[in-house]
Amino acid sequence: MSKQEPAAGQHTLVTRQFGTTAAAYLTSGVHAAGADLERLARLADALRPARVLDLGCGAGHVSYALARGGAGEVVAYDLAQEMLTVVATEAARRGHPNILTERGPAERLPFAAASFDWVVSRYSAHHWLDLPGALAEGARVCKSGGRCIVIDVVAPESPLLDTVLQTVEILRDPSHVRDHRVSEWRRLLAEVGFTVTESESWKLPMGFDSWVGRMGASAERIGALHMVFAGLPAEARQYFSVAADHSFSIDSAWIEGFKPT
């Protein structure tokens with residue numbers, strides 16, 4: 001088997017999963033709103049970055065926040081063309097002509113070195129097959145003195161709780177790769193040359209029905225998820241705040257670093 005085959009297979013799976021659900025991610029409450037988006041807008045307003053890469057942009061919520069905040073040019077980059085079509089349409093509707101779209105995988109960026117002031121990714125990296133490679137690309141295209149901001153679901157440091165999270169994630173979404181721990185993020189960012197200056201986490205509530213519906217999960221997968229949630233040990237049920245209908249909460253984090261000059 002060639003080294004390219006697994007990546008090609010994963011990229012096809014991600015494109016299929018998210019190409020068919022693009023519109024749902026535009027209106028998803030989990031993705032469309034949040035204090036983290038307002039924080040991005042305020043940061044853009046304060047620092048006015050000339051060019052920002054929204055890496056794994058999905059339905060474009062980071063791009064809209066940055067454009068609203070005063071970033072110069074925002075490049076929304078994603079593997080799924082359907083997502084980019086949603087972004088282009090919504091950016092025009094909101095009056096953000098400075099949002100451009102570009103298609104491709106996170107592990108291979110078609111941009112010149114040191115061509116972005118910021119690289120930002122929100123709720124995308126857990127689908128990347130080669131996270132170290134994607135971060136290395138992000139570091140390559142980020143200017144010296146630039147920022148990298150990652151916002152994503154993060155795994156607990158406990159092996160038991162980590163395993164539970166990865167299990168329910170991949171049952172719901174076969175394109176899931178891994179929710180990384182904050183300690184892993186810090187190490188991986190440092191390895192590609194970013195100095196991590198800040199990390200902050202919070203609980204993100206997930207309504208079970210909307211969580212599986214947004215991904216178009218099959219009846220078989222939904223049934224398997226109910227079985228897993230019903231059989232969780234007490235410490236996992238408590239940590240994830242599992243409710244009677246199997247709604248639950250997960251950890252999300254803002255991890256920020258800069259590229260030294």
# chains A, B, ... in the order shown; residues from 1 in each chain; ligands from 1

call {"tool": "residues_around", "arguments": {"residues": "region 204-219 of chain A", "least_positions_apart": "6", "cutoff": "7 Å", "atoms": "only C-alpha atoms", "output": "PyMOL selection string"}}
result
chain A and resi 21+24+172-173+246-252

call {"tool": "write_last_selection", "arguments": {"atoms": "C-alpha atoms", "output": "JSON list (two decimals), in the first residue's frame"}}
result
[["chain", "number", "residue", "atom", "x", "y", "z"],
["A", 21, "THR", "CA", -23.90, 18.61, 5.78],
["A", 24, "ALA", "CA", -26.26, 22.44, 8.80],
["A", 172, "ARG", "CA", -21.02, 9.49, 15.55],
["A", 173, "ASP", "CA", -18.62, 10.61, 12.79],
["A", 246, "HIS", "CA", -27.62, 11.12, 26.58],
["A", 247, "SER", "CA", -26.95, 14.78, 25.98],
["A", 248, "PHE", "CA", -23.56, 15.57, 27.48],
["A", 249, "SER", "CA", -20.74, 18.12, 27.79],
["A", 250, "ILE", "CA", -17.23, 18.07, 26.39],
["A", 251, "ASP", "CA", -14.13, 20.18, 26.87],
["A", 252, "SER", "CA", -13.25, 22.88, 24.35]]

call {"tool": "select_by_dssp", "arguments": {"residues": "region 32-124 of chain A", "states": "strand (DSSP E or B)", "output": "PyMOL selection string"}}
result
chain A and resi 51-55+73-78+99-103+116-122

call {"tool": "write_last_selection", "arguments": {"atoms": "N, CA and C atoms", "output": "JSON list (two decimals), in the first residue's frame"}}
result
[["chain", "number", "residue", "atom", "x", "y", "z"],
["A", 51, "ARG", "N", -3.55, 39.88, 7.04],
["A", 51, "ARG", "CA", -3.96, 38.68, 6.30],
["A", 51, "ARG", "C", -4.03, 37.50, 7.27],
["A", 52, "VAL", "N", -5.16, 36.81, 7.26],
["A", 52, "VAL", "CA", -5.38, 35.70, 8.20],
["A", 52, "VAL", "C", -5.83, 34.47, 7.43],
["A", 53, "LEU", "N", -5.33, 33.31, 7.83],
["A", 53, "LEU", "CA", -5.76, 32.03, 7.27],
["A", 53, "LEU", "C", -6.71, 31.35, 8.25],
["A", 54, "ASP", "N", -7.94, 31.08, 7.78],
["A", 54, "ASP", "CA", -8.92, 30.30, 8.54],
["A", 54, "ASP", "C", -8.78, 28.87, 8.05],
["A", 55, "LEU", "N", -8.02, 28.08, 8.79],
["A", 55, "LEU", "CA", -7.59, 26.75, 8.35],
["A", 55, "LEU", "C", -8.61, 25.69, 8.76],
["A", 73, "GLU", "N", -7.41, 40.85, 4.86],
["A", 73, "GLU", "CA", -7.87, 39.76, 4.00],
["A", 73, "GLU", "C", -7.96, 38.49, 4.82],
["A", 74, "VAL", "N", -9.05, 37.75, 4.67],
["A", 74, "VAL", "CA", -9.24, 36.48, 5.36],
["A", 74, "VAL", "C", -9.39, 35.40, 4.29],
["A", 75, "VAL", "N", -8.54, 34.39, 4.34],
["A", 75, "VAL", "CA", -8.62, 33.28, 3.40],
["A", 75, "VAL", "C", -9.26, 32.09, 4.12],
["A", 76, "ALA", "N", -10.46, 31.73, 3.68],
["A", 76, "ALA", "CA", -11.18, 30.57, 4.22],
["A", 76, "ALA", "C", -10.75, 29.34, 3.44],
["A", 77, "TYR", "N", -10.13, 28.40, 4.12],
["A", 77, "TYR", "CA", -9.51, 27.25, 3.46],
["A", 77, "TYR", "C", -10.12, 25.96, 4.00],
["A", 78, "ASP", "N", -10.58, 25.09, 3.08],
["A", 78, "ASP", "CA", -11.24, 23.85, 3.53],
["A", 78, "ASP", "C", -11.10, 22.79, 2.44],
["A", 99, "ILE", "N", -13.29, 38.34, 2.41],
["A", 99, "ILE", "CA", -13.18, 36.90, 2.65],
["A", 99, "ILE", "C", -13.04, 36.19, 1.31],
["A", 100, "LEU", "N", -11.92, 35.50, 1.12],
["A", 100, "LEU", "CA", -11.66, 34.72, -0.08],
["A", 100, "LEU", "C", -11.68, 33.24, 0.28],
["A", 101, "THR", "N", -11.93, 32.38, -0.69],
["A", 101, "THR", "CA", -11.96, 30.94, -0.41],
["A", 101, "THR", "C", -10.90, 30.22, -1.24],
["A", 102, "GLU", "N", -10.38, 29.16, -0.65],
["A", 102, "GLU", "CA", -9.37, 28.33, -1.33],
["A", 102, "GLU", "C", -9.57, 26.90, -0.85],
["A", 103, "ARG", "N", -9.48, 25.93, -1.77],
["A", 103, "ARG", "CA", -9.74, 24.54, -1.43],
["A", 103, "ARG", "C", -8.44, 23.74, -1.35],
["A", 116, "PHE", "N", 1.04, 34.95, 6.01],
["A", 116, "PHE", "CA", -0.10, 35.27, 6.86],
["A", 116, "PHE", "C", 0.37, 35.83, 8.20],
["A", 117, "ASP", "N", -0.38, 36.79, 8.71],
["A", 117, "ASP", "CA", -0.10, 37.32, 10.04],
["A", 117, "ASP", "C", -0.61, 36.37, 11.13],
["A", 118, "TRP", "N", -1.76, 35.78, 10.89],
["A", 118, "TRP", "CA", -2.34, 34.82, 11.83],
["A", 118, "TRP", "C", -2.74, 33.56, 11.08],
["A", 119, "VAL", "N", -2.67, 32.43, 11.78],
["A", 119, "VAL", "CA", -3.27, 31.18, 11.33],
["A", 119, "VAL", "C", -4.23, 30.75, 12.43],
["A", 120, "VAL", "N", -5.50, 30.59, 12.07],
["A", 120, "VAL", "CA", -6.54, 30.28, 13.04],
["A", 120, "VAL", "C", -7.28, 29.02, 12.59],
["A", 121, "SER", "N", -7.56, 28.13, 13.53],
["A", 121, "SER", "CA", -8.36, 26.94, 13.22],
["A", 121, "SER", "C", -9.34, 26.69, 14.35],
["A", 122, "ARG", "N", -10.60, 26.43, 14.00],
["A", 122, "ARG", "CA", -11.65, 26.21, 14.99],
["A", 122, "ARG", "C", -12.46, 24.97, 14.64]]

call {"tool": "closest_residue", "arguments": {"among": "A:Phe111, A:Arg140, A:Ala35, A:Tyr64", "to": "Ala92 (chain A)", "atoms": "only C-alpha atoms"}}
result
A:Tyr64

call {"tool": "closest_residue", "arguments": {"among": "A:Leu188, A:Ile255, A:Ala224, A:Ala67", "to": "Gly95 (chain A)", "atoms": "only C-alpha atoms"}}
result
A:Ala67

call {"tool": "select_by_dssp", "arguments": {"residues": "region 41-225 of chain A", "states": "alpha helix (DSSP H)", "output": "JSON, numbers by chain"}}
result
{"A": [41, 42, 43, 44, 45, 46, 47, 61, 62, 63, 64, 65, 66, 67, 68, 69, 81, 82, 83, 84, 85, 86, 87, 88, 89, 90, 91, 92, 93, 94, 131, 132, 133, 134, 135, 136, 137, 138, 139, 140, 141, 159, 160, 161, 162, 163, 164, 165, 166, 167, 168, 169, 170, 171, 172, 182, 183, 184, 185, 186, 187, 188, 189, 190, 191, 208, 209, 210, 211, 212, 213, 214, 215, 219, 220, 221, 222, 223, 224, 225]}

call {"tool": "atom_distance", "arguments": {"atom1": "CA of Ser63 (chain A)", "atom2": "CA of Leu131 (chain A)"}}
result
21.3 Å

call {"tool": "residues_around", "arguments": {"residues": "Gln166 (chain A)", "least_positions_apart": "6", "cutoff": "12 Å", "atoms": "only C-alpha atoms", "output": "VMD selection string"}}
result
chain A and resid 126 to 127 153 to 156 159 to 160 172 to 181 225 228 250

call {"tool": "closest_atom_pairs", "arguments": {"of": "region 129-203 of chain A", "to": "region 229-239 of chain A", "cutoff": "9 Å", "atoms": "only C-alpha atoms", "output": "JSON lines"}}
result
{"residue": "A:Leu160", "atom": "CA", "partner": "A:Ala236", "partner_atom": "CA", "distance": 7.9}
{"residue": "A:Leu161", "atom": "CA", "partner": "A:Ala236", "partner_atom": "CA", "distance": 6.1}
{"residue": "A:Val164", "atom": "CA", "partner": "A:Ala236", "partner_atom": "CA", "distance": 7.5}
{"residue": "A:Val168", "atom": "CA", "partner": "A:Phe229", "partner_atom": "CA", "distance": 8.3}

call {"tool": "write_last_selection", "arguments": {"atoms": "N, CA and C atoms", "output": "mmCIF file, in the first residue's frame"}}
result
data_model
loop_
_atom_site.group_PDB
_atom_site.id
_atom_site.type_symbol
_atom_site.label_atom_id
_atom_site.label_comp_id
_atom_site.auth_asym_id
_atom_site.auth_seq_id
_atom_site.Cartn_x
_atom_site.Cartn_y
_atom_site.Cartn_z
ATOM 1 N N LEU A 160 -8.839 6.913 30.674
ATOM 2 C CA LEU A 160 -10.202 6.388 30.608
ATOM 3 C C LEU A 160 -11.128 7.384 29.916
ATOM 4 N N LEU A 161 -11.093 8.644 30.350
ATOM 5 C CA LEU A 161 -11.999 9.643 29.800
ATOM 6 C C LEU A 161 -11.644 9.975 28.357
ATOM 7 N N VAL A 164 -13.182 7.221 26.233
ATOM 8 C CA VAL A 164 -14.633 7.404 26.103
ATOM 9 C C VAL A 164 -14.933 8.454 25.035
ATOM 10 N N VAL A 168 -17.071 7.757 21.395
ATOM 11 C CA VAL A 168 -18.354 8.331 20.975
ATOM 12 C C VAL A 168 -18.165 9.237 19.754
#

call {"tool": "atom_distance", "arguments": {"atom1": "CA of Glu157 (chain A)", "atom2": "CA of Trp185 (chain A)"}}
result
11.8 Å

call {"tool": "atom_distance", "arguments": {"atom1": "CA of Gly257 (chain A)", "atom2": "CA of Leu189 (chain A)"}}
result
7.8 Å
